[in-house]
$ cat data-v5.cif   # mmCIF, C-alpha atoms
data_data
loop_
_atom_site.label_atom_id
_atom_site.label_comp_id
_atom_site.auth_asym_id
_atom_site.auth_seq_id
_atom_site.Cartn_x
_atom_site.Cartn_y
_atom_site.Cartn_z
CA MET Z 1 0.00 0.00 0.00
CA ARG Z 2 1.40 3.37 -0.99
CA THR Z 3 2.05 5.87 1.77
CA LEU Z 4 1.17 9.54 1.61
CA SER Z 5 4.89 10.27 1.32
CA ASP Z 6 5.09 8.05 -1.77
CA THR Z 7 2.15 9.88 -3.30
CA ILE Z 8 3.77 13.28 -2.72
CA THR Z 9 7.01 12.05 -4.27
CA ARG Z 10 5.25 10.82 -7.41
CA LEU Z 11 3.25 14.06 -7.71
CA ALA Z 12 6.44 16.09 -7.38
CA ALA Z 13 8.02 14.12 -10.21
CA ALA Z 14 4.95 14.53 -12.38
CA GLN Z 15 4.75 18.27 -11.70
CA SER Z 16 8.39 18.84 -12.55
CA GLY Z 17 8.23 16.73 -15.70
CA MET Z 18 11.55 15.14 -14.85
CA GLY Z 19 10.57 11.65 -13.74
CA GLN Z 20 12.35 10.39 -10.64
CA SER Z 21 15.12 12.96 -10.80
CA GLY Z 22 13.14 15.39 -8.64
CA MET Z 23 12.13 19.03 -8.83
CA GLY Z 24 14.83 21.66 -9.03
CA GLN Z 25 17.48 19.59 -10.77
CA PRO Z 26 19.39 20.92 -13.79
CA ARG Z 27 17.22 21.36 -16.89
CA ARG Z 28 20.00 21.59 -19.43
CA SER Z 29 23.17 19.71 -20.28
CA GLY Z 30 26.22 20.89 -18.43
CA ALA Z 31 24.31 22.52 -15.55
CA ASP Z 32 25.87 20.16 -13.01
CA ARG Z 33 29.18 21.75 -12.02
CA LEU Z 34 29.70 19.65 -8.89
CA LEU Z 35 31.99 16.69 -8.24
CA GLU Z 36 31.20 13.62 -6.16
CA MET Z 37 33.02 13.44 -2.83
CA ALA Z 38 33.72 9.98 -1.48
CA VAL Z 39 32.79 10.27 2.19
CA THR Z 40 35.61 8.65 4.19
CA VAL Z 41 34.55 9.89 7.64
CA ALA Z 42 31.87 8.57 10.00
CA ASN Z 43 28.50 9.15 8.35
CA PRO Z 44 25.72 8.18 10.78
CA GLY Z 45 23.10 10.08 8.78
CA ASP Z 46 24.04 8.23 5.56
CA LEU Z 47 24.22 11.39 3.45
CA ALA Z 48 25.94 11.82 0.09
CA ALA Z 49 28.26 14.74 -0.70
CA ARG Z 50 29.07 16.93 -3.72
CA ILE Z 51 31.77 19.59 -3.86
CA TYR Z 52 33.00 22.48 -5.98
CA LEU Z 53 36.59 23.71 -6.07
CA PRO Z 54 37.29 26.74 -8.27
CA GLU Z 55 40.29 26.50 -10.56
CA GLY Z 56 43.38 27.81 -8.83
CA LEU Z 57 41.83 27.70 -5.34
CA GLU Z 58 44.44 29.02 -2.92
CA PRO Z 59 45.41 27.38 0.39
CA GLY Z 60 43.49 28.86 3.31
CA ALA Z 61 40.38 29.60 1.26
CA PRO Z 62 36.97 29.80 2.97
CA LEU Z 63 34.44 26.94 2.87
CA VAL Z 64 30.69 27.40 2.30
CA VAL Z 65 28.37 24.50 3.15
CA VAL Z 66 25.08 24.57 1.20
CA LEU Z 67 21.99 22.52 2.12
CA HIS Z 68 19.31 22.04 -0.55
CA GLY Z 69 15.55 22.01 0.07
CA CYS Z 70 12.98 19.24 -0.24
CA THR Z 71 12.58 17.63 -3.69
CA GLN Z 72 15.89 19.21 -4.74
CA ASN Z 73 19.39 17.87 -5.14
CA ALA Z 74 22.79 19.52 -4.76
CA ALA Z 75 23.40 20.17 -8.47
CA GLY Z 76 19.99 21.72 -8.97
CA TYR Z 77 20.36 24.02 -6.00
CA ASP Z 78 23.80 25.10 -7.11
CA HIS Z 79 22.56 25.83 -10.63
CA GLY Z 80 19.59 27.81 -9.34
CA SER Z 81 21.39 29.75 -6.63
CA GLY Z 82 24.63 30.51 -8.46
CA TRP Z 83 26.91 29.59 -5.57
CA SER Z 84 29.59 27.95 -7.74
CA THR Z 85 29.65 30.96 -10.08
CA LEU Z 86 30.26 33.21 -7.08
CA ALA Z 87 32.92 30.80 -5.82
CA ASP Z 88 34.78 31.18 -9.14
CA ARG Z 89 34.71 34.94 -8.74
CA HIS Z 90 35.81 35.14 -5.11
CA GLY Z 91 37.81 31.99 -4.51
CA PHE Z 92 36.08 29.80 -1.95
CA ALA Z 93 35.24 26.08 -1.79
CA LEU Z 94 31.74 24.58 -1.66
CA LEU Z 95 30.45 21.49 0.12
CA TYR Z 96 26.95 20.25 -0.70
CA PRO Z 97 25.77 17.49 1.65
CA GLU Z 98 23.00 15.71 -0.23
CA GLN Z 99 19.99 13.78 1.07
CA LYS Z 100 19.10 10.27 -0.13
CA ARG Z 101 15.60 8.93 -0.77
CA GLY Z 102 16.30 6.09 1.63
CA ASN Z 103 16.48 8.65 4.44
CA ASN Z 104 13.59 10.84 3.28
CA ALA Z 105 11.32 10.07 0.33
CA ASN Z 106 11.04 13.77 -0.56
CA LEU Z 107 14.79 14.43 -0.20
CA CYS Z 108 14.26 16.70 2.82
CA PHE Z 109 16.95 16.92 5.46
CA ASN Z 110 15.31 15.52 8.60
CA TRP Z 111 15.26 18.73 10.64
CA PHE Z 112 12.18 17.48 12.56
CA GLU Z 113 13.76 14.21 13.75
CA PRO Z 114 15.50 14.70 17.14
CA GLY Z 115 18.03 11.97 16.35
CA ASP Z 116 19.21 13.82 13.24
CA ILE Z 117 19.75 17.26 14.79
CA ARG Z 118 21.82 16.44 17.84
CA ARG Z 119 25.51 17.15 18.24
CA ASP Z 120 26.56 13.54 18.65
CA GLY Z 121 24.70 11.73 15.88
CA GLY Z 122 22.48 11.60 12.83
CA GLU Z 123 22.59 13.94 9.85
CA ALA Z 124 24.07 16.82 11.83
CA LEU Z 125 27.13 14.77 12.77
CA SER Z 126 27.49 13.53 9.18
CA ILE Z 127 27.61 17.14 7.95
CA ARG Z 128 30.08 18.12 10.65
CA ASN Z 129 32.37 15.22 9.73
CA MET Z 130 32.16 16.04 6.01
CA ILE Z 131 33.30 19.56 6.84
CA GLY Z 132 36.29 18.16 8.68
CA GLN Z 133 37.13 16.00 5.67
CA MET Z 134 36.94 19.01 3.33
CA LEU Z 135 39.11 21.21 5.55
CA ALA Z 136 41.84 18.59 5.75
CA ALA Z 137 41.74 17.43 2.14
CA HIS Z 138 41.88 20.90 0.57
CA ASP Z 139 43.83 22.96 3.13
CA LEU Z 140 40.91 25.31 3.81
CA ASP Z 141 40.58 27.96 6.54
CA SER Z 142 38.83 26.42 9.56
CA SER Z 143 38.07 29.92 10.90
CA ARG Z 144 36.06 30.80 7.77
CA VAL Z 145 33.46 28.06 7.49
CA PHE Z 146 29.90 29.13 6.69
CA VAL Z 147 26.60 27.30 6.21
CA THR Z 148 23.37 28.14 4.40
CA GLY Z 149 20.26 26.33 3.24
CA LEU Z 150 16.72 26.61 1.91
CA SER Z 151 13.53 25.42 3.63
CA ALA Z 152 14.33 21.99 5.15
CA GLY Z 153 17.96 22.85 4.37
CA GLY Z 154 17.42 26.15 6.16
CA ALA Z 155 16.03 24.36 9.20
CA MET Z 156 19.04 22.01 9.10
CA THR Z 157 21.27 25.09 8.85
CA ALA Z 158 19.72 26.27 12.12
CA ALA Z 159 20.51 22.84 13.58
CA MET Z 160 24.15 23.01 12.48
CA LEU Z 161 24.62 26.50 13.92
CA ALA Z 162 23.07 25.43 17.23
CA THR Z 163 24.81 22.07 17.61
CA TRP Z 164 28.25 23.05 16.27
CA PRO Z 165 28.55 26.84 16.85
CA GLU Z 166 32.33 26.71 17.23
CA LEU Z 167 32.64 25.32 13.71
CA PHE Z 168 31.00 28.25 11.89
CA ALA Z 169 31.84 31.91 11.46
CA GLY Z 170 28.36 32.60 10.06
CA GLY Z 171 25.18 31.09 8.70
CA ALA Z 172 22.21 32.02 6.53
CA ILE Z 173 18.73 30.52 6.84
CA VAL Z 174 16.47 30.93 3.79
CA ALA Z 175 12.73 30.23 4.28
CA GLY Z 176 13.62 28.00 7.22
CA LEU Z 177 12.59 27.40 10.81
CA PRO Z 178 14.12 27.83 14.26
CA TYR Z 179 16.08 25.03 15.89
CA GLY Z 180 14.47 22.20 17.82
CA THR Z 181 10.80 23.21 17.68
CA ALA Z 182 9.40 20.05 16.05
CA ALA Z 183 9.61 16.36 16.90
CA GLY Z 184 7.97 14.36 14.13
CA VAL Z 185 6.01 15.13 10.98
CA PRO Z 186 2.75 16.44 12.56
CA GLN Z 187 4.65 19.04 14.60
CA ALA Z 188 6.78 19.90 11.56
CA PHE Z 189 3.65 20.74 9.55
CA ASP Z 190 2.32 22.86 12.41
CA ARG Z 191 5.56 24.80 12.77
CA MET Z 192 5.75 25.35 9.00
CA ARG Z 193 2.31 26.98 9.16
CA GLY Z 194 3.41 29.10 12.11
CA HIS Z 195 1.29 27.19 14.63
CA GLY Z 196 2.39 26.38 18.17
CA GLY Z 197 5.94 25.92 19.30
CA PRO Z 198 7.92 27.45 22.17
CA LYS Z 199 8.39 31.19 22.51
CA GLY Z 200 10.64 33.50 24.48
CA GLU Z 201 13.16 31.92 26.83
CA ALA Z 202 11.92 28.40 26.06
CA LEU Z 203 12.73 28.98 22.40
CA ALA Z 204 16.14 30.47 23.20
CA ALA Z 205 17.03 27.60 25.53
CA LEU Z 206 16.72 25.07 22.70
CA ALA Z 207 19.61 26.69 20.81
CA ARG Z 208 21.56 27.72 23.91
CA THR Z 209 21.81 24.17 25.24
CA ALA Z 210 22.24 22.27 21.94
CA SER Z 211 26.04 22.32 21.98
CA GLY Z 212 26.85 22.53 25.69
CA ARG Z 213 29.03 25.54 24.90
CA ASP Z 214 28.89 29.18 25.95
CA GLY Z 215 29.87 30.85 22.69
CA PRO Z 216 31.30 32.49 20.76
CA TRP Z 217 28.36 32.34 18.38
CA PRO Z 218 28.29 32.60 14.57
CA SER Z 219 26.65 35.56 12.90
CA LEU Z 220 23.25 34.91 11.36
CA SER Z 221 21.46 36.11 8.21
CA VAL Z 222 17.77 35.21 7.81
CA TRP Z 223 15.76 35.47 4.58
CA HIS Z 224 12.02 34.98 4.06
CA GLY Z 225 9.31 35.94 1.58
CA THR Z 226 6.36 37.79 3.08
CA ALA Z 227 3.99 35.77 0.85
CA ASP Z 228 5.44 32.36 1.72
CA MET Z 229 2.50 29.95 2.04
CA THR Z 230 4.67 26.87 2.65
CA VAL Z 231 6.77 28.05 5.61
CA ALA Z 232 4.97 30.97 7.27
CA ALA Z 233 6.95 34.20 7.50
CA SER Z 234 6.42 34.21 11.27
CA ASN Z 235 9.22 31.62 11.39
CA MET Z 236 11.73 34.34 10.53
CA GLU Z 237 10.65 36.27 13.60
CA ASP Z 238 10.99 33.13 15.71
CA ILE Z 239 14.51 32.50 14.38
CA VAL Z 240 15.53 36.05 15.21
CA GLU Z 241 13.97 35.78 18.67
CA GLN Z 242 15.72 32.47 19.37
CA TRP Z 243 19.18 33.77 18.48
CA ARG Z 244 18.70 37.25 19.90
CA LEU Z 245 17.50 36.15 23.33
CA PHE Z 246 20.15 33.59 24.13
CA GLN Z 247 22.88 36.06 23.13
CA GLY Z 248 21.37 38.88 25.18
CA ILE Z 249 20.89 41.18 22.18
CA ASP Z 250 18.40 44.06 22.43
CA ALA Z 251 14.93 43.54 21.00
CA GLU Z 252 15.11 46.66 18.81
CA PRO Z 253 17.24 46.40 15.65
CA ALA Z 254 20.13 48.83 15.49
CA GLN Z 255 19.49 49.47 11.78
CA ILE Z 256 16.51 49.32 9.46
CA GLU Z 257 17.40 49.89 5.83
CA THR Z 258 16.48 49.00 2.26
CA VAL Z 259 18.56 46.61 0.18
CA GLY Z 260 17.45 45.77 -3.35
CA GLY Z 261 14.07 47.33 -2.64
CA HIS Z 262 13.42 45.12 0.40
CA THR Z 263 13.69 45.69 4.15
CA ARG Z 264 16.73 44.56 6.08
CA ARG Z 265 16.91 44.79 9.87
CA ARG Z 266 20.17 44.39 11.74
CA TRP Z 267 20.91 43.67 15.38
CA THR Z 268 24.32 44.40 16.89
CA ASP Z 269 26.18 43.36 20.01
CA GLY Z 270 27.66 45.63 22.66
CA LYS Z 271 30.66 46.35 20.43
CA GLY Z 272 28.50 47.42 17.48
CA ARG Z 273 29.16 44.27 15.45
CA VAL Z 274 26.29 42.92 13.36
CA ARG Z 275 25.25 39.58 14.84
CA ILE Z 276 21.83 39.04 13.22
CA GLU Z 277 20.23 40.40 10.07
CA ALA Z 278 16.76 39.68 8.66
CA HIS Z 279 15.71 40.27 5.05
CA ALA Z 280 11.96 40.41 4.38
CA ILE Z 281 11.39 39.95 0.64
CA ALA Z 282 8.10 41.69 -0.13
CA GLY Z 283 5.56 39.59 -2.02
CA MET Z 284 7.88 36.59 -2.47
CA GLY Z 285 6.63 33.04 -1.98
CA HIS Z 286 8.60 30.00 -0.84
CA GLY Z 287 12.10 29.86 -2.20
CA THR Z 288 15.54 31.40 -2.55
CA PRO Z 289 15.67 34.98 -3.90
CA ILE Z 290 17.81 35.24 -7.03
CA SER Z 291 18.42 37.71 -9.84
CA PRO Z 292 19.33 35.94 -13.12
CA GLY Z 293 19.38 39.28 -14.98
CA ASP Z 294 22.35 40.24 -12.81
CA GLY Z 295 24.10 36.93 -13.39
CA CYS Z 296 22.82 35.43 -10.15
CA GLY Z 297 21.33 31.96 -10.53
CA ALA Z 298 18.63 30.47 -12.73
CA ALA Z 299 14.87 30.54 -12.18
CA MET Z 300 13.28 27.16 -11.44
CA PRO Z 301 10.93 25.78 -8.79
CA PHE Z 302 11.79 27.35 -5.43
CA MET Z 303 14.53 29.49 -7.03
CA LEU Z 304 12.64 32.75 -7.45
CA ASP Z 305 13.62 35.63 -9.73
CA VAL Z 306 12.69 38.63 -7.57
CA GLY Z 307 15.53 40.92 -8.62
CA ILE Z 308 17.68 40.48 -5.52
CA CYS Z 309 20.63 38.10 -5.23
CA SER Z 310 20.58 36.49 -1.81
CA THR Z 311 23.68 34.47 -2.73
CA GLN Z 312 25.79 37.61 -3.26
CA LEU Z 313 24.38 39.40 -0.23
CA ILE Z 314 24.89 36.43 2.07
CA ALA Z 315 28.50 36.00 0.95
CA ALA Z 316 29.06 39.75 1.36
CA ALA Z 317 27.69 39.64 4.91
CA TRP Z 318 30.27 36.95 5.65
CA GLY Z 319 33.08 39.03 4.18
CA ILE Z 320 33.92 36.61 1.36
CA ALA Z 321 32.38 38.60 -1.52
CA ASP Z 322 32.00 42.22 -2.58
CA ALA Z 323 29.74 44.32 -0.38
CA VAL Z 324 26.36 45.48 -1.71
CA PRO Z 325 25.44 48.99 -0.48
CA ALA Z 326 22.15 49.61 1.24
CA THR Z 327 19.88 52.36 -0.03
CA ALA Z 328 17.18 54.56 1.49
CA ARG Z 329 18.67 54.18 4.94
CA THR Z 330 16.35 55.12 7.76
CA ALA Z 331 17.39 56.56 11.07
CA PRO Z 332 18.57 53.85 13.47
CA ALA Z 333 15.71 52.51 15.53
CA ALA Z 334 15.54 54.10 18.98
CA PRO Z 335 15.60 51.67 21.92
CA ARG Z 336 12.07 52.18 23.16
CA LYS Z 337 11.22 49.41 25.57
CA GLU Z 338 7.50 50.00 25.44
CA ARG Z 339 7.26 49.35 21.71
CA PRO Z 340 7.32 45.78 20.33
CA VAL Z 341 9.95 44.65 17.85
CA PRO Z 342 9.04 45.75 14.30
CA ALA Z 343 7.78 42.59 12.69
CA THR Z 344 7.79 41.23 9.20
CA PRO Z 345 4.14 41.14 8.09
CA ARG Z 346 2.76 37.88 9.45
CA LEU Z 347 0.68 35.71 7.21
CA VAL Z 348 -2.70 34.24 7.82
CA PRO Z 349 -1.97 30.48 7.58
CA ALA Z 350 -2.92 29.03 4.24
CA ALA Z 351 -5.37 26.59 5.82
CA SER Z 352 -7.51 29.46 7.14
CA LEU Z 353 -7.92 30.88 3.63
CA GLN Z 354 -9.47 27.69 2.30
CA PRO Z 355 -13.03 26.37 2.70
CA GLU Z 356 -13.51 23.94 5.57
CA MET Z 357 -12.41 20.42 4.68
CA SER Z 358 -12.44 17.22 6.62
CA GLY Z 359 -11.04 13.70 6.56
CA VAL Z 360 -8.56 12.37 4.05
CA LYS Z 361 -8.91 15.26 1.60
CA LYS Z 362 -7.74 17.79 4.17
CA VAL Z 363 -4.79 15.61 5.25
CA ILE Z 364 -3.60 15.19 1.65
CA GLU Z 365 -4.01 18.86 0.72
CA ASP Z 366 -2.21 19.95 3.89
CA ALA Z 367 0.65 17.58 3.08
CA LEU Z 368 0.91 18.79 -0.51
CA ARG Z 369 0.90 22.42 0.57
CA ALA Z 370 3.57 21.80 3.18
CA ALA Z 371 5.73 20.05 0.59
CA GLY Z 372 5.48 23.07 -1.70
CA LEU Z 373 3.43 21.22 -4.32
CA MET Z 374 0.18 23.13 -3.82
CA ARG Z 375 -0.67 26.74 -3.13
#
$ encode --input "data-v5.cif" --output "structure tokens"
Amino acid sequence: MRTLSDTITRLAAAQSGMGQSGMGQPRRSGADRLLEMAVTVANPGDLAARIYLPEGLEPGAPLVVVLHGCTQNAAGYDHGSGWSTLADRHGFALLYPEQKRGNNANLCFNWFEPGDIRRDGGEALSIRNMIGQMLAAHDLDSSRVFVTGLSAGGAMTAAMLATWPELFAGGAIVAGLPYGTAAGVPQAFDRMRGHGGPKGEALAALARTASGRDGPWPSLSVWHGTADMTVAASNMEDIVEQWRLFQGIDAEPAQIETVGGHTRRRWTDGKGRVRIEAHAIAGMGHGTPISPGDGCGAAMPFMLDVGICSTQLIAAAWGIADAVPATARTAPAAPRKERPVPATPRLVPAASLQPEMSGVKKVIEDALRAAGLMR
């Protein structure tokens, strides 16, 4: 008997028109620029790995770890996001851990399975060990390791930053979720819709205690579309709250400015260093913001041409690519305790916009919507 997961997988393949290869994979010959990496380290999560090394890569180069979303693979995400093109330009290495269907039928990293997001096992430990293999094999700079990911890959990025903070100088979560808020598929669906989950200190404690360490902490960039109906935009606010609270950073952002026509808020520490930034992409649905007209990526499912290159801006925030100036800067936000944190517009969950449904039909439609296959 087919499971609901099997049904979603087959529908994804049918929608993409690419058979079993999965949505978001390269659509043209030569789009795959990545090499296979034979994983020689302990791999408890049983993940695959792809890599990219620009020609003439110098010793001591940075390493960027990129985690694809559900129904995607490493090559497709690289082609859509343009990370390897940027690596050619600025001289850094790329590691793409890649999910297998045997672990998750929809190729999602298992961010909602407690055994896969702990420091000492599962997929998180596999990714950590792959990073160690890359650093040693290619003489890379262990002080300049960064991680980013989309959707389930974004949620796994949050897990990596929480469980192995000493390993990363910075991270970027795109359309993802905060660390540790779901245990199992039903809770994962609820959190994706913005329902339930811990808040305040309970939310902060999940990340604070994940590694057993007391800092230092990596910097964090968060990206989310305000019209995301797959992972509610309220998750960006929860991610910011989680990382802000456990680091003791003020609720009010130090800067509110416009970048590429969209709002960016920045929070700084006591020394004025940017520790958290949040980009709200107005009107964008679920996906990674790209700008093919500017040589940034290629439009495909979940790789959205909205005229802003998140890949370039993320790398610039980490100091490994050219800076992109902000425009229409506002006055820094005043620290007024009585006013709540300015929030990204929160969405009414998709389920509340639909007529009442019951039984199997509702379960299936909810699952399809959560997987990004239905709006």
$ residues_around --input "data-v5.cif" --residues "Asn110 in chain Z" --least-positions-apart "3" --cutoff "10 Å" --atoms "only C-alpha atoms" --output "list of chain:residue names"
Z:Gly45, Z:Cys70, Z:Gln99, Z:Asn103, Z:Asn104, Z:Leu107, Z:Glu113, Z:Pro114, Z:Gly115, Z:Asp116, Z:Ile117, Z:Gly122, Z:Glu123, Z:Ala124, Z:Ala152, Z:Gly153, Z:Ala155, Z:Met156, Z:Gly184, Z:Val185
$ write_last_selection --input "data-v5.cif" --atoms "C-alpha atoms" --output "PDB file, in the frame of the given file"
ATOM      1  CA  GLY Z  45      23.100  10.080   8.780  1.00  0.00           C
ATOM      2  CA  CYS Z  70      12.980  19.240  -0.240  1.00  0.00           C
ATOM      3  CA  GLN Z  99      19.990  13.780   1.070  1.00  0.00           C
ATOM      4  CA  ASN Z 103      16.480   8.650   4.440  1.00  0.00           C
ATOM      5  CA  ASN Z 104      13.590  10.840   3.280  1.00  0.00           C
ATOM      6  CA  LEU Z 107      14.790  14.430  -0.200  1.00  0.00           C
ATOM      7  CA  GLU Z 113      13.760  14.210  13.750  1.00  0.00           C
ATOM      8  CA  PRO Z 114      15.500  14.700  17.140  1.00  0.00           C
ATOM      9  CA  GLY Z 115      18.030  11.970  16.350  1.00  0.00           C
ATOM     10  CA  ASP Z 116      19.210  13.820  13.240  1.00  0.00           C
ATOM     11  CA  ILE Z 117      19.750  17.260  14.790  1.00  0.00           C
ATOM     12  CA  GLY Z 122      22.480  11.600  12.830  1.00  0.00           C
ATOM     13  CA  GLU Z 123      22.590  13.940   9.850  1.00  0.00           C
ATOM     14  CA  ALA Z 124      24.070  16.820  11.830  1.00  0.00           C
ATOM     15  CA  ALA Z 152      14.330  21.990   5.150  1.00  0.00           C
ATOM     16  CA  GLY Z 153      17.960  22.850   4.370  1.00  0.00           C
ATOM     17  CA  ALA Z 155      16.030  24.360   9.200  1.00  0.00           C
ATOM     18  CA  MET Z 156      19.040  22.010   9.100  1.00  0.00           C
ATOM     19  CA  GLY Z 184       7.970  14.360  14.130  1.00  0.00           C
ATOM     20  CA  VAL Z 185       6.010  15.130  10.980  1.00  0.00           C
TER      21      VAL Z 185
END
$ closest_residue --input "data-v5.cif" --among "Z:His138, Z:Arg213, Z:Lys199, Z:Arg275" --to "Gly170 in chain Z" --atoms "only C-alpha atoms"
Z:Arg275
$ atom_distance --input "data-v5.cif" --atom1 "CA of Leu203 in chain Z" --atom2 "CA of Asp250 in chain Z"
16.1 Å
$ residues_around --input "data-v5.cif" --residues "Gln247 in chain Z" --least-positions-apart "2" --cutoff "9 Å" --atoms "all atoms listed in the file" --output "PyMOL selection string"
chain Z and resi 204+208+215+217+242-245+249+269
$ write_last_selection --input "data-v5.cif" --atoms "C-alpha atoms" --output "short mmCIF file (atom, residue, chain, number, x, y, z; two decimals), keeping the file's coordinate frame"
data_model
loop_
_atom_site.label_atom_id
_atom_site.label_comp_id
_atom_site.auth_asym_id
_atom_site.auth_seq_id
_atom_site.Cartn_x
_atom_site.Cartn_y
_atom_site.Cartn_z
CA ALA Z 204 16.14 30.47 23.20
CA ARG Z 208 21.56 27.72 23.91
CA GLY Z 215 29.87 30.85 22.69
CA TRP Z 217 28.36 32.34 18.38
CA GLN Z 242 15.72 32.47 19.37
CA TRP Z 243 19.18 33.77 18.48
CA ARG Z 244 18.70 37.25 19.90
CA LEU Z 245 17.50 36.15 23.33
CA ILE Z 249 20.89 41.18 22.18
CA ASP Z 269 26.18 43.36 20.01
#
$ resolve_selection --input "data-v5.cif" --expression "the PyMOL selection byres ((chain Z and resi 307) around 12)" --output "list in words"
Val259, Gly260, Gly261, His262, Ile281, Ala282, Met284, Thr288, Pro289, Ile290, Ser291, Pro292, Gly293, Asp294, Gly295, Cys296, Gly297, Ala298, Ala299, Met303, Leu304, Asp305, Val306, Ile308, Cys309, Ser310 and Thr311 of chain Z
$ resolve_selection --input "data-v5.cif" --expression "the PyMOL selection byres ((chain Z and resi 161) around 12)" --output "MDAnalysis selection string"
chainID Z and resid 65 117:119 124 127:128 145:149 154:160 162:173 178:180 206:211 213 215:221 239 243
$ resolve_selection --input "data-v5.cif" --expression "the PyMOL selection byres ((chain Z and resi 36) around 6)" --output "list in words"
Leu35, Met37 and Arg50 of chain Z
$ write_last_selection --input "data-v5.cif" --atoms "C-alpha atoms" --output "PDB file, in the coordinates of the input"
ATOM      1  CA  LEU Z  35      31.990  16.690  -8.240  1.00  0.00           C
ATOM      2  CA  MET Z  37      33.020  13.440  -2.830  1.00  0.00           C
ATOM      3  CA  ARG Z  50      29.070  16.930  -3.720  1.00  0.00           C
TER       4      ARG Z  50
END
$ atom_distance --input "data-v5.cif" --atom1 "CA of Ala61 in chain Z" --atom2 "CA of Ala48 in chain Z"
22.9 Å
$ closest_residue --input "data-v5.cif" --among "Z:Leu86, Z:Arg144, Z:Asp78, Z:Ser151" --to "Phe109 in chain Z" --atoms "only C-alpha atoms"
Z:Ser151
$ atom_distance --input "data-v5.cif" --atom1 "CA of Pro59 in chain Z" --atom2 "CA of Asp139 in chain Z"
5.4 Å
$ closest_residue --input "data-v5.cif" --among "Z:Gly197, Z:Pro62, Z:Pro54, Z:Pro301" --to "Ala87 in chain Z" --atoms "all atoms listed in the file"
Z:Pro54
$ residues_around --input "data-v5.cif" --residues "Ala227 in chain Z" --least-positions-apart "2" --cutoff "8 Å" --atoms "all atoms listed in the file" --output "compact mmCIF listing (two decimals) with C-alpha atoms, keeping the file's coordinate frame"
# COMPACT_ATOMS: atom_id res chain seq x y z
CA GLY Z 225 9.31 35.94 1.58
CA MET Z 229 2.50 29.95 2.04
CA ALA Z 233 6.95 34.20 7.50
CA ALA Z 282 8.10 41.69 -0.13
CA GLY Z 283 5.56 39.59 -2.02
CA MET Z 284 7.88 36.59 -2.47
CA GLY Z 285 6.63 33.04 -1.98
CA HIS Z 286 8.60 30.00 -0.84
CA LEU Z 347 0.68 35.71 7.21
$ closest_residue --input "data-v5.cif" --among "Z:Ala251, Z:Ala182, Z:Ala280, Z:Ala202" --to "Arg264 in chain Z" --atoms "only C-alpha atoms"
Z:Ala280
$ residues_around --input "data-v5.cif" --residues "Gly194 in chain Z" --least-positions-apart "6" --cutoff "8 Å" --atoms "all atoms listed in the file" --output "ChimeraX atom specification"
/Z:231-235,349
$ closest_residue --input "data-v5.cif" --among "Z:Val274, Z:Ala321, Z:Ala31, Z:Leu63" --to "Ile131 in chain Z" --atoms "all atoms listed in the file"
Z:Leu63
$ decode --input "data-v5.cif" --residues "range 82-96 of chain Z" --atoms "C-alpha atoms" --output "PDB file, in the first residue's frame"
ATOM      1  CA  GLY Z  82      24.633  30.511  -8.457  1.00  0.00           C
ATOM      2  CA  TRP Z  83      26.908  29.589  -5.566  1.00  0.00           C
ATOM      3  CA  SER Z  84      29.592  27.951  -7.744  1.00  0.00           C
ATOM      4  CA  THR Z  85      29.649  30.964 -10.079  1.00  0.00           C
ATOM      5  CA  LEU Z  86      30.259  33.213  -7.081  1.00  0.00           C
ATOM      6  CA  ALA Z  87      32.919  30.801  -5.823  1.00  0.00           C
ATOM      7  CA  ASP Z  88      34.776  31.176  -9.137  1.00  0.00           C
ATOM      8  CA  ARG Z  89      34.708  34.937  -8.741  1.00  0.00           C
ATOM      9  CA  HIS Z  90      35.808  35.141  -5.112  1.00  0.00           C
ATOM     10  CA  GLY Z  91      37.815  31.991  -4.510  1.00  0.00           C
ATOM     11  CA  PHE Z  92      36.082  29.796  -1.947  1.00  0.00           C
ATOM     12  CA  ALA Z  93      35.238  26.085  -1.793  1.00  0.00           C
ATOM     13  CA  LEU Z  94      31.742  24.585  -1.656  1.00  0.00           C
ATOM     14  CA  LEU Z  95      30.447  21.492   0.119  1.00  0.00           C
ATOM     15  CA  TYR Z  96      26.952  20.246  -0.698  1.00  0.00           C
TER      16      TYR Z  96
END
